[in-house]
Amino acid sequence: MLAPRSLVVSLGNQAPYFDCLHSAGHFALSAAQKVLAPSQPQFASERYGKKSCMASPGLPYTFIQSPTMMNNCGPWVLAAWKDVLQRHGLQSSELALVLVHDELEAALGTVRIRKWEASHRGHNGIKSVKNSTDSPKLLHSRWSRIAVGIGRPVERTPDVVSDYVLRKMTSHQKHTIDSEVGPKVIACLRQLQDQWQE
């Protein structure tokens with residue numbers, strides 16, 4: 001049965017690292033909202049999971065940008081998911097959860113679906129979410145991830161990689177996400193809906 005609603009949460013950082021490559025998920029979700037507008041409302045400040053955050057609540061998607069820093073986003077993601085369940089009187093099986101996040105190695109602007117149980121590949125945000133949601137009481141059958149490629153530096157040392165993902169995005173990188181990624185994110189969401197409907 002198709003989940004009637006999907007909570008789509010982007011992972012990223014807040015100031016002073018909001019517009020870095022590690023926050024590509026936030027920019028991708030913003031681009032996806034623009035593709036669906038006007039049926040998908042503009043982002044505005046709302047409260048979910050007991051925190052103020054930028055959200056675009058619509059049907060079938062509720063888009064929310066995680067308001068926490070990347071490395072400790074898990075507890076808030078779980079709280080926001082429970083919040084949406086309660087607001088709409090839903091059972092856990094009636095609310096899909098999709099994370100939108102950056103992915104090293106993949107070329108800038110590429111977008112792909114990742115299974116919920118797939119490796120976190122060293123991504124601390126995904127690690128945090130998985131640690132917070134690793135419970136047999138939670139239904140993961142309609143949980144998934146959408147990865148947005150950000151490339152990778154030539155050197156692979158931890159310090160170089162950290163500097164790369166926390167570097168402010170260039171105008172070219174922002175334009176690529178704004179102009180190319182939104183439709184790809186929507187295509188992935190619709191593909192997931194088709195899978196869940198089967």
# chains A, B, ... in the order shown; residues from 1 in each chain; ligands from 1

call {"tool": "closest_atom_pairs", "arguments": {"of": "region 48-99 of chain A", "to": "region 111-134 of chain A", "cutoff": "10 Å", "atoms": "only C-alpha atoms", "output": "CSV"}}
result
residue,atom,partner,partner_atom,distance
A:Met69,CA,A:Gly125,CA,8.5
A:Met70,CA,A:Gly125,CA,4.9
A:Asn71,CA,A:Gly125,CA,5.0
A:Asn72,CA,A:Ser128,CA,5.8
A:Cys73,CA,A:Ser128,CA,6.1
A:Gly74,CA,A:Val129,CA,3.6
A:Pro75,CA,A:Ser132,CA,5.6
A:Trp76,CA,A:Val129,CA,8.6
A:Val77,CA,A:Val129,CA,6.8
A:Leu78,CA,A:Thr133,CA,6.6
A:Ala79,CA,A:Ser132,CA,9.7
A:Leu97,CA,A:Trp116,CA,9.5
A:Val98,CA,A:Trp116,CA,8.6
A:Leu99,CA,A:Ile126,CA,8.5

call {"tool": "select_by_dssp", "arguments": {"residues": "region 117-183 of chain A", "states": "helix (DSSP H, G or I)", "output": "PyMOL selection string"}}
result
chain A and resi 124-133+158-165+171-183

call {"tool": "closest_atom_pairs", "arguments": {"of": "region 35-121 of chain A", "to": "region 170-180 of chain A", "cutoff": "9 Å", "atoms": "only C-alpha atoms", "output": "tab-separated table"}}
result
residue	atom	partner	partner_atom	distance
A:Leu108	CA	A:Gln173	CA	7.5
A:Gly109	CA	A:Ile177	CA	5.9
A:Thr110	CA	A:Glu180	CA	8.7

call {"tool": "residues_around", "arguments": {"residues": "Ala24 (chain A)", "least_positions_apart": "6", "cutoff": "12 Å", "atoms": "only C-alpha atoms", "output": "ChimeraX atom specification"}}
result
/A:10-14,17-18,30-31,65,70,100-104,108-111,146-151,165-170,173-178,181-182

call {"tool": "closest_residue", "arguments": {"among": "A:Arg152, A:His88, A:Ala28, A:Arg142", "to": "Ala106 (chain A)", "atoms": "only C-alpha atoms"}}
result
A:Arg152

call {"tool": "closest_residue", "arguments": {"among": "A:Thr62, A:Ser52, A:Ser45, A:Ser92", "to": "Ala32 (chain A)", "atoms": "only C-alpha atoms"}}
result
A:Thr62
